[in-house]
>>> print(open('coords39.txt').read())   # compact mmCIF, C-alpha atoms and all ligand atoms
# COMPACT_ATOMS: atom_id res chain seq x y z
CA MET V 106 -4.60 -3.66 23.09
CA LYS V 107 -6.19 -3.01 26.48
CA ALA V 108 -9.00 -5.42 25.69
CA ILE V 109 -6.64 -8.20 24.75
CA GLN V 110 -4.51 -7.58 27.81
CA GLN V 111 -7.57 -8.04 30.00
CA GLU V 112 -8.67 -11.07 28.08
CA SER V 113 -5.32 -12.70 27.77
CA ARG V 114 -3.16 -11.29 30.56
CA VAL V 115 -0.30 -11.07 28.14
CA SER V 116 1.45 -7.74 28.21
CA SER V 117 3.37 -5.84 30.84
CA LYS V 118 3.03 -2.53 28.97
CA SER V 119 1.53 0.39 30.88
CA LYS V 120 -1.79 1.86 29.76
CA THR V 121 -0.03 4.99 28.46
CA GLU V 122 2.46 2.98 26.39
CA THR V 123 -0.35 0.80 25.07
CA THR V 124 -2.50 3.76 24.06
CA THR V 125 0.47 5.30 22.22
CA ILE V 126 1.16 2.06 20.35
CA GLU V 127 -2.49 1.49 19.50
CA SER V 128 -3.00 5.03 18.24
CA SER V 129 -0.26 4.41 15.66
CA TRP V 130 -2.57 1.94 13.86
CA HIS V 131 -4.79 3.62 11.27
CA HIS V 132 -5.45 0.93 8.66
CA LYS V 133 -8.98 -0.06 7.73
CA HIS V 134 -7.61 -2.63 5.27
CA VAL V 135 -4.38 -4.56 4.74
CA LEU V 136 -3.71 -4.36 0.99
CA ASP V 137 0.10 -4.21 0.83
CA LEU V 138 3.01 -2.99 2.97
CA ASP V 139 3.77 0.07 0.84
CA ASP V 140 1.58 2.19 3.13
CA PHE V 141 2.92 0.70 6.40
CA THR V 142 5.45 2.57 8.51
CA SER V 143 8.21 0.73 10.37
CA ALA V 144 6.34 1.61 13.62
CA GLU V 145 3.19 -0.08 12.32
CA ILE V 146 5.16 -3.19 11.33
CA GLU V 147 6.69 -3.18 14.83
CA LEU V 148 3.16 -2.91 16.28
CA VAL V 149 2.15 -6.02 14.30
CA PHE V 150 5.22 -7.81 15.75
CA GLN V 151 4.36 -6.82 19.33
CA THR V 152 0.73 -7.84 18.89
CA THR V 153 1.90 -11.14 17.38
CA ASP V 154 4.03 -11.75 20.49
CA ALA V 155 0.82 -11.41 22.54
CA MET V 156 -1.00 -13.80 20.23
CA HIS V 157 1.77 -16.38 20.64
CA GLU V 158 1.10 -16.31 24.36
CA ILE V 159 -2.57 -17.12 23.69
CA LEU V 160 -1.52 -19.95 21.37
CA SER V 161 0.68 -21.44 24.10
CA ARG V 162 -2.35 -22.03 26.33
CA SER V 163 -4.33 -25.26 26.48
CA ILE V 164 -7.45 -23.35 25.37
CA LYS V 165 -6.29 -21.18 22.46
CA LYS V 166 -9.37 -19.00 22.28
CA VAL V 167 -10.24 -15.43 23.31
CA PRO V 168 -13.51 -13.57 22.69
CA THR V 169 -11.98 -10.61 20.82
CA LEU V 170 -13.99 -11.04 17.59
CA ARG V 171 -17.11 -12.59 19.14
CA GLY V 172 -20.12 -11.52 17.07
CA LYS V 173 -18.01 -10.64 14.00
CA THR V 174 -18.24 -12.55 10.73
CA LEU V 175 -15.17 -13.22 8.60
CA VAL V 176 -15.25 -14.64 5.08
CA THR V 177 -12.26 -16.13 3.29
CA LEU V 178 -12.97 -15.50 -0.40
CA PHE V 179 -10.43 -17.38 -2.51
CA TYR V 180 -10.36 -17.30 -6.32
CA GLU V 181 -7.08 -19.28 -6.35
CA PRO V 182 -5.95 -22.39 -4.45
CA SER V 183 -4.32 -22.07 -1.04
CA THR V 184 -3.26 -24.34 1.79
CA ARG V 185 -1.33 -22.14 4.23
CA THR V 186 -2.97 -18.72 3.92
CA ARG V 187 -6.57 -19.84 3.97
CA SER V 188 -6.23 -22.40 6.74
CA SER V 189 -4.20 -20.05 8.95
CA PHE V 190 -6.73 -17.22 8.54
CA ASP V 191 -9.48 -19.72 9.34
CA LEU V 192 -7.66 -20.82 12.49
CA ALA V 193 -6.71 -17.26 13.46
CA ALA V 194 -10.29 -16.03 13.17
CA LYS V 195 -11.67 -19.01 15.14
CA ASN V 196 -9.06 -18.48 17.87
CA LEU V 197 -10.46 -14.94 18.19
CA SER V 198 -14.05 -16.32 18.31
CA ALA V 199 -15.19 -14.92 14.95
CA ASP V 200 -17.80 -16.72 12.87
CA VAL V 201 -16.01 -17.94 9.74
CA ILE V 202 -17.30 -18.73 6.26
CA ASN V 203 -14.85 -20.25 3.78
CA LEU V 204 -15.83 -19.50 0.21
CA ALA V 205 -13.90 -20.86 -2.78
CA ALA V 206 -14.76 -19.30 -6.13
CA SER V 207 -14.66 -22.77 -7.68
CA THR V 208 -17.65 -23.89 -5.59
CA SER V 209 -19.56 -20.59 -5.48
CA SER V 210 -21.91 -18.72 -7.83
CA VAL V 211 -18.81 -17.27 -9.52
CA ILE V 212 -18.99 -20.43 -11.65
CA LYS V 213 -22.50 -19.33 -12.75
CA GLY V 214 -21.11 -15.98 -13.91
CA GLU V 215 -21.47 -13.80 -10.80
CA CYS V 216 -19.08 -10.85 -10.99
CA LEU V 217 -16.68 -9.86 -8.20
CA ILE V 218 -18.66 -6.79 -7.08
CA ASP V 219 -21.92 -8.75 -6.88
CA THR V 220 -20.21 -11.44 -4.80
CA LEU V 221 -18.81 -8.76 -2.48
CA LYS V 222 -22.19 -7.01 -2.20
CA THR V 223 -23.80 -10.37 -1.37
CA LEU V 224 -21.26 -10.93 1.42
CA GLU V 225 -21.97 -7.39 2.67
CA ALA V 226 -25.72 -8.10 2.70
CA LEU V 227 -24.98 -11.19 4.80
CA GLY V 228 -23.37 -8.93 7.43
CA THR V 229 -19.71 -9.76 6.79
CA ASP V 230 -17.26 -7.66 8.81
CA ILE V 231 -13.93 -8.88 7.38
CA ILE V 232 -13.13 -10.33 3.94
CA ILE V 233 -9.87 -12.18 3.38
CA MET V 234 -9.43 -12.20 -0.36
CA ARG V 235 -7.16 -14.00 -2.82
CA HIS V 236 -7.59 -13.21 -6.51
CA PRO V 237 -5.58 -13.90 -9.67
CA HIS V 238 -5.88 -10.27 -10.81
CA SER V 239 -3.54 -7.68 -9.32
CA GLY V 240 -5.57 -4.92 -7.69
CA ALA V 241 -8.76 -6.91 -7.06
CA PRO V 242 -8.65 -6.34 -3.25
CA TYR V 243 -8.35 -2.57 -3.89
CA VAL V 244 -11.56 -2.74 -5.93
CA ALA V 245 -13.19 -4.64 -3.06
CA ALA V 246 -12.08 -2.00 -0.55
CA ARG V 247 -13.86 0.67 -2.62
CA HIS V 248 -17.16 -1.21 -2.88
CA VAL V 249 -17.93 -2.68 0.55
CA LYS V 250 -17.77 -1.47 4.13
CA ALA V 251 -16.00 -4.61 5.42
CA HIS V 252 -12.29 -4.70 6.26
CA ILE V 253 -10.41 -6.21 3.30
CA VAL V 254 -7.24 -8.22 3.76
CA ASN V 255 -5.25 -9.05 0.63
CA ALA V 256 -4.33 -12.74 0.80
CA GLY V 257 -2.51 -12.52 -2.54
CA ASP V 258 -3.50 -10.64 -5.71
CA GLY V 259 -1.95 -11.77 -8.98
CA TRP V 260 1.73 -10.90 -9.20
CA HIS V 261 1.24 -7.82 -7.03
CA ALA V 262 1.23 -8.31 -3.26
CA HIS V 263 0.91 -10.78 -0.39
CA PRO V 264 1.31 -8.56 2.67
CA THR V 265 0.42 -11.09 5.37
CA GLN V 266 3.03 -13.53 4.01
CA ALA V 267 5.63 -10.75 4.11
CA LEU V 268 4.68 -9.86 7.69
CA LEU V 269 5.04 -13.47 8.82
CA ASP V 270 8.37 -13.70 6.98
CA LEU V 271 9.59 -10.54 8.73
CA TYR V 272 8.32 -11.80 12.08
CA THR V 273 10.18 -15.10 11.55
CA ILE V 274 13.41 -13.23 10.72
CA ARG V 275 12.94 -11.04 13.82
CA GLY V 276 12.86 -14.22 15.94
CA HIS V 277 16.38 -15.17 14.78
CA LYS V 278 18.20 -11.88 14.21
CA SER V 279 18.78 -9.09 16.70
CA SER V 280 17.94 -6.29 14.25
CA PHE V 281 16.89 -5.74 10.64
CA LYS V 282 19.48 -2.98 10.28
CA ASP V 283 22.46 -4.08 8.18
CA LEU V 284 21.00 -7.54 7.47
CA LYS V 285 21.71 -8.85 3.99
CA VAL V 286 18.55 -10.59 2.79
CA THR V 287 18.95 -12.42 -0.52
CA ILE V 288 15.77 -13.30 -2.40
CA ILE V 289 16.33 -15.95 -5.07
CA GLY V 290 14.04 -17.09 -7.82
CA ASP V 291 10.97 -16.12 -9.78
CA ILE V 292 10.76 -12.47 -8.70
CA LYS V 293 8.69 -11.49 -11.75
CA HIS V 294 5.68 -13.54 -10.73
CA SER V 295 6.17 -13.25 -6.98
CA ARG V 296 3.72 -11.18 -4.96
CA VAL V 297 5.62 -12.43 -1.89
CA ALA V 298 8.88 -10.88 -3.15
CA ARG V 299 7.24 -7.53 -3.82
CA SER V 300 5.64 -7.26 -0.37
CA ASN V 301 8.84 -8.50 1.28
CA ILE V 302 10.88 -5.83 -0.51
CA TRP V 303 8.54 -3.16 0.89
CA GLY V 304 8.65 -4.60 4.40
CA LEU V 305 12.37 -5.38 4.55
CA THR V 306 13.49 -2.01 3.18
CA LYS V 307 11.15 -0.15 5.57
CA MET V 308 12.71 -2.06 8.48
CA GLY V 309 16.22 -1.11 7.32
CA ALA V 310 17.40 -4.43 5.87
CA GLY V 311 19.48 -4.62 2.69
CA VAL V 312 17.85 -6.64 -0.08
CA THR V 313 19.62 -8.47 -2.92
CA LEU V 314 17.54 -10.00 -5.70
CA CYS V 315 18.93 -12.97 -7.61
CA CYS V 316 17.27 -14.36 -10.74
CA PRO V 317 17.69 -14.55 -14.49
CA PHE V 318 16.95 -11.12 -16.03
CA THR V 319 13.88 -12.63 -17.74
CA LEU V 320 12.38 -13.24 -14.27
CA LEU V 321 13.04 -9.68 -13.05
CA PRO V 322 9.91 -7.50 -13.25
CA ILE V 323 9.83 -4.19 -15.07
CA GLY V 324 10.39 -1.51 -12.44
CA LEU V 325 13.05 -3.53 -10.63
CA ASP V 326 15.47 -3.64 -13.56
CA LYS V 327 17.67 -0.58 -14.07
CA PRO V 328 16.90 2.27 -13.68
CA ARG V 329 15.08 1.19 -10.52
CA GLY V 330 12.79 4.08 -9.64
CA GLN V 331 10.77 2.24 -7.02
CA PHE V 332 13.54 0.52 -5.03
CA PRO V 333 16.85 2.23 -5.86
CA GLU V 334 18.54 0.71 -2.80
CA VAL V 335 17.80 -2.91 -3.79
CA GLU V 336 20.78 -4.79 -5.24
CA ILE V 337 20.38 -7.03 -8.28
CA GLU V 338 22.88 -9.86 -8.65
CA PRO V 339 22.16 -12.59 -11.20
CA ASP V 340 25.18 -14.68 -10.09
CA ILE V 341 23.83 -16.86 -7.27
CA ASP V 342 27.21 -17.39 -5.59
CA LYS V 343 27.81 -13.63 -5.37
CA ALA V 344 24.21 -13.00 -4.26
CA LEU V 345 24.57 -15.54 -1.43
CA SER V 346 27.98 -14.30 -0.30
CA ASP V 347 27.70 -13.21 3.38
CA ALA V 348 23.89 -13.33 3.34
CA ASP V 349 22.18 -13.35 6.74
CA VAL V 350 18.81 -14.46 5.40
CA VAL V 351 17.99 -16.37 2.21
CA ILE V 352 14.45 -16.41 0.85
CA ALA V 353 13.93 -18.99 -1.89
CA LEU V 354 10.86 -18.41 -4.05
CA ARG V 355 8.68 -20.97 -5.74
CA LEU V 356 9.16 -21.16 -9.49
CA GLN V 357 5.59 -20.35 -10.50
CA LEU V 358 5.25 -22.97 -13.19
CA GLU V 359 1.58 -22.05 -13.76
CA ARG V 360 2.47 -18.41 -14.56
CA GLN V 361 5.46 -18.97 -16.88
CA GLN V 362 5.16 -17.64 -20.42
CA SER V 363 7.13 -19.19 -23.20
CA GLY V 364 10.62 -17.79 -23.62
CA LEU V 365 11.26 -16.73 -20.02
CA LEU V 366 13.34 -19.84 -19.27
CA PRO V 367 15.25 -22.11 -21.67
CA SER V 368 14.19 -25.11 -19.55
CA ILE V 369 13.39 -26.05 -15.95
CA ARG V 370 16.58 -28.14 -15.89
CA GLU V 371 18.73 -25.12 -16.82
CA TYR V 372 16.96 -22.96 -14.23
CA THR V 373 17.57 -25.63 -11.59
CA ASN V 374 21.26 -25.92 -12.54
CA LEU V 375 21.78 -22.17 -12.24
CA TYR V 376 19.43 -21.08 -9.46
CA GLN V 377 18.55 -24.00 -7.16
CA LEU V 378 19.44 -23.27 -3.53
CA THR V 379 21.73 -26.18 -2.66
CA GLU V 380 23.81 -26.91 0.44
CA GLU V 381 26.98 -26.15 -1.51
CA ARG V 382 25.68 -22.73 -2.56
CA LEU V 383 24.26 -21.99 0.88
CA ALA V 384 27.78 -22.44 2.30
CA LYS V 385 28.60 -19.01 0.74
CA ALA V 386 26.16 -17.35 3.15
CA LYS V 387 27.05 -16.50 6.74
CA PRO V 388 27.41 -19.53 9.07
CA ASP V 389 24.26 -18.48 10.99
CA ALA V 390 22.23 -17.71 7.86
CA ILE V 391 18.59 -18.77 7.92
CA VAL V 392 16.49 -20.04 5.01
CA LEU V 393 12.87 -19.13 4.33
CA HIS V 394 10.45 -20.20 1.61
CA PRO V 395 6.81 -19.03 1.47
CA GLY V 396 5.60 -22.38 0.15
CA PRO V 397 4.33 -24.37 -1.53
CA VAL V 398 7.80 -25.76 -2.27
CA ASN V 399 8.80 -27.34 -5.58
CA GLU V 400 11.38 -29.59 -3.96
CA ASP V 401 14.58 -30.05 -5.99
CA ILE V 402 13.58 -27.26 -8.40
CA GLU V 403 14.14 -23.91 -6.61
CA ILE V 404 15.47 -25.51 -3.40
CA SER V 405 17.12 -28.86 -2.75
CA SER V 406 15.38 -31.30 -0.40
CA ALA V 407 18.47 -31.21 1.81
CA VAL V 408 18.20 -27.43 2.32
CA ALA V 409 14.40 -27.41 2.59
CA HIS V 410 14.55 -29.99 5.40
CA GLY V 411 17.94 -28.94 6.77
CA PRO V 412 18.84 -27.26 10.07
CA ARG V 413 18.73 -23.72 8.67
CA SER V 414 15.27 -24.07 7.15
CA LEU V 415 12.47 -22.15 8.92
CA ILE V 416 9.74 -23.19 6.49
CA ASN V 417 7.56 -24.86 9.13
CA GLN V 418 8.19 -22.05 11.61
CA GLN V 419 6.92 -19.59 8.98
CA VAL V 420 3.65 -21.54 8.81
CA THR V 421 3.32 -21.62 12.61
CA ASN V 422 4.02 -17.88 12.86
CA GLY V 423 1.42 -17.26 10.16
CA VAL V 424 -1.44 -18.05 12.56
CA ALA V 425 -0.22 -15.61 15.24
CA VAL V 426 0.57 -12.85 12.72
CA ARG V 427 -2.90 -13.19 11.19
CA MET V 428 -4.52 -13.16 14.63
CA ALA V 429 -2.60 -9.93 15.32
CA LEU V 430 -3.80 -8.33 12.09
CA LEU V 431 -7.43 -9.32 12.71
CA TYR V 432 -7.18 -7.95 16.22
CA LEU V 433 -5.69 -4.65 15.03
CA LEU V 434 -8.25 -4.29 12.22
CA ALA V 435 -11.43 -5.25 14.01
CA GLY V 436 -10.87 -6.22 17.60
CA GLY V 437 -9.09 -3.40 19.40
CA SER V 438 -10.62 -1.02 21.91
CA HIS V 439 -10.24 1.68 19.20
CA GLN V 440 -12.92 -0.04 17.10
N1 LIG V 501 2.49 -18.91 0.93
C1 LIG V 501 1.24 -19.10 0.47
O1 LIG V 501 0.57 -18.16 0.08
O2 LIG V 501 0.82 -20.40 0.47
P1 LIG V 501 -0.65 -20.88 0.04
O3 LIG V 501 -0.76 -20.66 -1.45
O4 LIG V 501 -0.71 -22.34 0.41
O5 LIG V 501 -1.64 -20.06 0.77
>>> encode(input="coords39.txt", output="structure tokens")
Amino acid sequence: MKAIQQESRVSSKSKTETTTIESSWHHKHVLDLDDFTSAEIELVFQTTDAMHEILSRSIKKVPTLRGKTLVTLFYEPSTRTRSSFDLAAKNLSADVINLAASTSSVIKGECLIDTLKTLEALGTDIIIMRHPHSGAPYVAARHVKAHIVNAGDGWHAHPTQALLDLYTIRGHKSSFKDLKVTIIGDIKHSRVARSNIWGLTKMGAGVTLCCPFTLLPIGLDKPRGQFPEVEIEPDIDKALSDADVVIALRLQLERQQSGLLPSIREYTNLYQLTEERLAKAKPDAIVLHPGPVNEDIEISSAVAHGPRSLINQQVTNGVAVRMALLYLLAGGSHQ
């Protein structure tokens, strides 16, 4: 943190406070939020605040990662995550290579480990990885020396999305304690939901999941060994009652198996977040959606573009949160 304070003149924290905060960071990789403490999540928030200050300047660039090489390695499509990591890394002066599996030697049959070893041989310091198979970034972390950041693996985790969601909530609510956060939609296929449940419960928020039982993953149905404190409420009106935060999830049409839903129309009738339903939440409730949005399927256009929607703010915060994570992983004075 000291380095970024000198570079960016952003924080009023004393050196002792800063050293204490920095020493609480011990992650080589960011794979999910299950191994984050609330103090570490708070450190990401504070570092993100500093990054926002950099982003408010006319020249949004600091030399923190000068000389480091970052590769975005994406085996699935992405708009938000890949472009915001690209921007975040460039704002920190890293050299960036964007690699999509669809235009790489993966198409010629190269396996994941060989691709990773090739990136290592090229001198890559940080790999931002999205993969359709749950656990792929964990395999990467075992095979190369680079820092690995999970940018979404299968149905499993999307920790940087959860951190930017939490950071966005923090900007509108005084505390996570006693918040009712209702997550509606395709929980089964949602890596965002899983990482958000970890992050929200660690920060002390109450979480209510709302979906048809066919879209509830094994492990979250009863008995719920992993998250016993999480509420499950399939009735959307009850789930939204007195909610402080509503997170609508994309219906992952590409991951649906036959039999999970009678039809998209029935799902929309029962689970679409509409203005009428949102009126059951608290008057100051905020609405998040990780994107991309299927407008008028899981969320009505009126809500998605309405005054409570923070969808664009989530995207903006994503750059600063990802800058913070890159700084903490590879740019701090502890490196
Ligand atoms: N939220 C999210 O992961 O969006 P992208 O698929 O566009 O990266």
>>> residues_near_ligand(input="coords39.txt", ligand="ligand LIG 501 (chain V)", cutoff="6 Å", atoms="all atoms listed in the file", output="ChimeraX atom specification")
/V:183-187,395-397
>>> write_last_selection(input="coords39.txt", atoms="C-alpha atoms", output="PDB file, in the frame of the given file")
ATOM      1  CA  SER V 183      -4.320 -22.070  -1.040  1.00  0.00           C
ATOM      2  CA  THR V 184      -3.260 -24.340   1.790  1.00  0.00           C
ATOM      3  CA  ARG V 185      -1.330 -22.140   4.230  1.00  0.00           C
ATOM      4  CA  THR V 186      -2.970 -18.720   3.920  1.00  0.00           C
ATOM      5  CA  ARG V 187      -6.570 -19.840   3.970  1.00  0.00           C
ATOM      6  CA  PRO V 395       6.810 -19.030   1.470  1.00  0.00           C
ATOM      7  CA  GLY V 396       5.600 -22.380   0.150  1.00  0.00           C
ATOM      8  CA  PRO V 397       4.330 -24.370  -1.530  1.00  0.00           C
TER       9      PRO V 397
END
>>> residues_around(input="coords39.txt", residues="Asp291 of chain V", least_positions_apart="5", cutoff="8 Å", atoms="only C-alpha atoms", output="list of chain:residue names")
V:Cys316, V:Leu320, V:Leu321, V:Leu354, V:Arg355, V:Leu356, V:Gln357
>>> residues_around(input="coords39.txt", residues="Asp137 of chain V", least_positions_apart="2", cutoff="12 Å", atoms="all atoms listed in the file", output="MDAnalysis selection string")
chainID V and resid 132 134:135 139:142 146 239:240 242:243 253:258 261:268 296:304
>>> residues_around(input="coords39.txt", residues="Ala205 of chain V", least_positions_apart="2", cutoff="12 Å", atoms="all atoms listed in the file", output="count of residues only")
22
>>> closest_residue(input="coords39.txt", among="V:Ile402, V:Val249, V:Leu415, V:Ile292", to="Val351 of chain V", atoms="all atoms listed in the file")
V:Leu415
>>> residues_around(input="coords39.txt", residues="Glu380 of chain V", least_positions_apart="3", cutoff="10 Å", atoms="all atoms listed in the file", output="list in words")
Gln377, Leu383, Ala384, Lys385, Ile404, Ser405, Ser406, Ala407, Val408, Ala409 and Gly411 of chain V
>>> closest_residue(input="coords39.txt", among="V:Ile218, V:Cys315, V:Leu269, V:Leu393", to="Ile288 of chain V", atoms="all atoms listed in the file")
V:Cys315
>>> atom_distance(input="coords39.txt", atom1="atom CA of Pro339 of chain V", atom2="atom CA of Ala353 of chain V")
14.0 Å
>>> residues_around(input="coords39.txt", residues="Arg427 of chain V", least_positions_apart="5", cutoff="8 Å", atoms="all atoms listed in the file", output="list in words")
Ser189, Phe190, Ala193 and Thr265 of chain V
>>> write_last_selection(input="coords39.txt", atoms="C-alpha atoms", output="JSON list (two decimals), in the frame of the given file")
[["chain", "number", "residue", "atom", "x", "y", "z"],
["V", 189, "SER", "CA", -4.20, -20.05, 8.95],
["V", 190, "PHE", "CA", -6.73, -17.22, 8.54],
["V", 193, "ALA", "CA", -6.71, -17.26, 13.46],
["V", 265, "THR", "CA", 0.42, -11.09, 5.37]]
>>> closest_residue(input="coords39.txt", among="V:Glu215, V:Glu158, V:Glu338, V:Asp389", to="Arg413 of chain V", atoms="only C-alpha atoms")
V:Asp389
>>> residues_near_point(input="coords39.txt", point="(15.4, -10.9, 2.9)", cutoff="7 Å", atoms="all atoms listed in the file", output="number ranges by chain")
V: 285-288, 305, 312, 350-352
>>> closest_residue(input="coords39.txt", among="V:Leu197, V:Ala241, V:Leu366, V:Ala251", to="Leu136 of chain V", atoms="all atoms listed in the file")
V:Ala241
>>> closest_residue(input="coords39.txt", among="V:Arg382, V:Lys166, V:Gly311, V:Glu334", to="Ser346 of chain V", atoms="all atoms listed in the file")
V:Arg382
>>> atom_distance(input="coords39.txt", atom1="atom CA of Thr273 of chain V", atom2="atom CA of Asn422 of chain V")
6.9 Å
>>> closest_residue(input="coords39.txt", among="V:Ala386, V:Val149, V:Leu358, V:Leu430", to="Asn399 of chain V", atoms="all atoms listed in the file")
V:Leu358
>>> atom_distance(input="coords39.txt", atom1="atom CA of Glu336 of chain V", atom2="atom CA of Ile274 of chain V")
19.5 Å
>>> build_atoms(input="coords39.txt", residues="segment 374-388 of chain V", atoms="N, CA, C and O atoms", output="short mmCIF file (atom, residue, chain, number, x, y, z; two decimals), in the frame of the given file")
data_model
loop_
_atom_site.label_atom_id
_atom_site.label_comp_id
_atom_site.auth_asym_id
_atom_site.auth_seq_id
_atom_site.Cartn_x
_atom_site.Cartn_y
_atom_site.Cartn_z
N ASN V 374 19.79 -25.89 -12.58
CA ASN V 374 21.26 -25.92 -12.54
C ASN V 374 21.83 -24.59 -12.07
O ASN V 374 22.80 -24.54 -11.32
N LEU V 375 21.21 -23.49 -12.51
CA LEU V 375 21.78 -22.17 -12.24
C LEU V 375 21.28 -21.53 -10.94
O LEU V 375 21.97 -20.73 -10.33
N TYR V 376 20.05 -21.86 -10.54
CA TYR V 376 19.43 -21.08 -9.46
C TYR V 376 18.91 -21.90 -8.28
O TYR V 376 18.39 -21.33 -7.32
N GLN V 377 19.06 -23.22 -8.31
CA GLN V 377 18.55 -24.00 -7.16
C GLN V 377 19.40 -23.69 -5.92
O GLN V 377 20.63 -23.65 -6.00
N LEU V 378 18.73 -23.48 -4.79
CA LEU V 378 19.44 -23.27 -3.53
C LEU V 378 19.87 -24.64 -2.99
O LEU V 378 19.04 -25.42 -2.53
N THR V 379 21.18 -24.90 -3.10
CA THR V 379 21.73 -26.18 -2.66
C THR V 379 22.57 -25.95 -1.40
O THR V 379 22.93 -24.80 -1.08
N GLU V 380 22.95 -27.03 -0.74
CA GLU V 380 23.81 -26.91 0.44
C GLU V 380 25.16 -26.28 0.08
O GLU V 380 25.69 -25.45 0.82
N GLU V 381 25.68 -26.69 -1.08
CA GLU V 381 26.98 -26.15 -1.51
C GLU V 381 26.90 -24.64 -1.70
O GLU V 381 27.78 -23.89 -1.28
N ARG V 382 25.84 -24.18 -2.34
CA ARG V 382 25.68 -22.73 -2.56
C ARG V 382 25.41 -22.01 -1.25
O ARG V 382 25.92 -20.91 -1.01
N LEU V 383 24.60 -22.63 -0.39
CA LEU V 383 24.26 -21.99 0.88
C LEU V 383 25.50 -21.78 1.76
O LEU V 383 25.53 -20.88 2.60
N ALA V 384 26.54 -22.58 1.52
CA ALA V 384 27.78 -22.44 2.30
C ALA V 384 28.44 -21.07 2.07
O ALA V 384 29.28 -20.63 2.87
N LYS V 385 28.05 -20.36 1.00
CA LYS V 385 28.60 -19.01 0.74
C LYS V 385 27.99 -17.97 1.69
O LYS V 385 28.56 -16.90 1.90
N ALA V 386 26.82 -18.29 2.22
CA ALA V 386 26.16 -17.35 3.15
C ALA V 386 26.84 -17.40 4.51
O ALA V 386 27.73 -18.22 4.74
N LYS V 387 26.44 -16.50 5.41
CA LYS V 387 27.05 -16.50 6.74
C LYS V 387 26.75 -17.83 7.46
O LYS V 387 25.72 -18.46 7.19
N PRO V 388 27.62 -18.24 8.40
CA PRO V 388 27.41 -19.53 9.07
C PRO V 388 26.06 -19.61 9.81
O PRO V 388 25.51 -20.69 9.96
#
